Every structure is written in C-alpha cells, then in structure tokens.
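Participant: Dropping the structure in here first, questions after.
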Amino acid sequence: MDVRIYRPAKTATQSGRAKTGRWVLEHVPRGQREVDSLMGWTGSDDTSQQVKLSFATKQQAIAYARRRGLAYVVDEPQSRTVKPKSYADNFIRKT
C-alpha cells in the first residue's frame, strides 16, 4: 500500500494561507472506482482512501509511514514568489 505525503496548497477561494503549514499523509487509491448501474453513484471498496492524516512536520509523517511499513512518496511544495505591490503603483503614469 502506498501513501503520499504532501503539504496542501491554499485554495483559490482563500486569501490567507491557513492550513497550508501542516503535512498530509493520504493513501493512494489501489483500484478504480466503479459506477453503480442502478443509482449511477461512484464507489469503491477501498476504505483507506477516506483517511487523511495531518502532521506538524514532514519528518513526523515519514516516521509514521516507516513505523507502519508503508511505501511513501514525498511531494515537496513549490516555493511561492511574492511580488511586493503598492496601491500607489496603480496611479503611476507610464509613458
């Protein structure tokens, strides 16, 4: 069973960076999802997909995966470049 360890990015509807500092460990799906012929719902018999564990540091998540004997993949977060802006820059004339 494989797990993925990553730090989630901020959502598009979120202006702040809350909940982006924690590391998440989630199970990779083992099989494909199936569509129920009667209702049309999508489902799977793999209940481990429903589990997401949160850790304060990457090392804690890796240690948990090693203790449980899980094969893991760590997705490093991309760095964010902040461009300093000023409200006054909106009114500068460019010739």
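Ligands are numbered from 1 in the order shown, residues from 1 within each chain, and chains are lettered A, B, ... in the order they appear in the structure tokens.
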Name all residues at most 7 Å from region 56-69 of chain A (count only C-alpha atoms; drop same-chain ones fewer than 4 positions away) and give them as an mmCIF file with N, CA and C atoms, in the first residue's frame.

Facilitator:
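As written to disk, around-v9.cif reads:
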data_model
loop_
_atom_site.group_PDB
_atom_site.id
_atom_site.type_symbol
_atom_site.label_atom_id
_atom_site.label_comp_id
_atom_site.auth_asym_id
_atom_site.auth_seq_id
_atom_site.Cartn_x
_atom_site.Cartn_y
_atom_site.Cartn_z
ATOM 1 N N ARG A 22 0.715 22.517 7.543
ATOM 2 C CA ARG A 22 0.729 21.130 8.005
ATOM 3 C C ARG A 22 0.993 20.188 6.847
ATOM 4 N N TRP A 23 1.490 19.015 7.159
ATOM 5 C CA TRP A 23 1.760 17.984 6.163
ATOM 6 C C TRP A 23 0.661 16.932 6.235
ATOM 7 N N LEU A 25 -0.788 13.085 5.064
ATOM 8 C CA LEU A 25 -0.476 11.741 4.587
ATOM 9 C C LEU A 25 -1.792 11.115 4.138
#

Participant: Can you list, as a PyMOL selection string, every residue of region 1-53 of chain A that DSSP puts in strand (DSSP E or B)?

Facilitator: chain A and resi 2-6+23-27+34-35+42-43+52-53

Participant: What's around Ala18 (chain A) at 10 Å? Count only C-alpha atoms, leave out sequence neighbours fewer than 6 positions away in its own chain, and write the answer as a list in words.

Facilitator: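 Counting only C-alpha atoms, the residues come to Ala9, Lys10 and Thr11 of chain A.
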
Participant: Taking the backbone alone, and naming residues the way the document does, which bits of region 6-93 of chain A are alpha helix (DSSP H) by DSSP, as a VMD selection string?

Facilitator: chain A and resid 58 to 68

Participant: Just the residues within 7 Å of region 71-74 of chain A, please, counting only C-alpha atoms, with nothing from its chain fewer than 5 positions along; format it as a ChimeraX atom specification.

Facilitator: /A:1-6,65

Participant: For CA of Pro8 (chain A) and CA of Asp75 (chain A), quote the distance in Å rounded to one decimal.

Facilitator: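 Those two atoms sit 9.8 Å apart.
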
Participant: CA of Leu70 (chain A) and CA of Val51 (chain A), how far apart in Å?

Facilitator: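 Result for CA of Val51 (chain A) versus CA of Leu70 (chain A): 14.2 Å, one decimal.
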
Participant: Of the residues A:Arg7, A:Lys52, A:Arg93, A:Arg80, which is the one nearest to Gly21 (chain A), using only C-alpha atoms?

Facilitator: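 Closest to Gly21 (chain A) of all the choices is A:Arg7.
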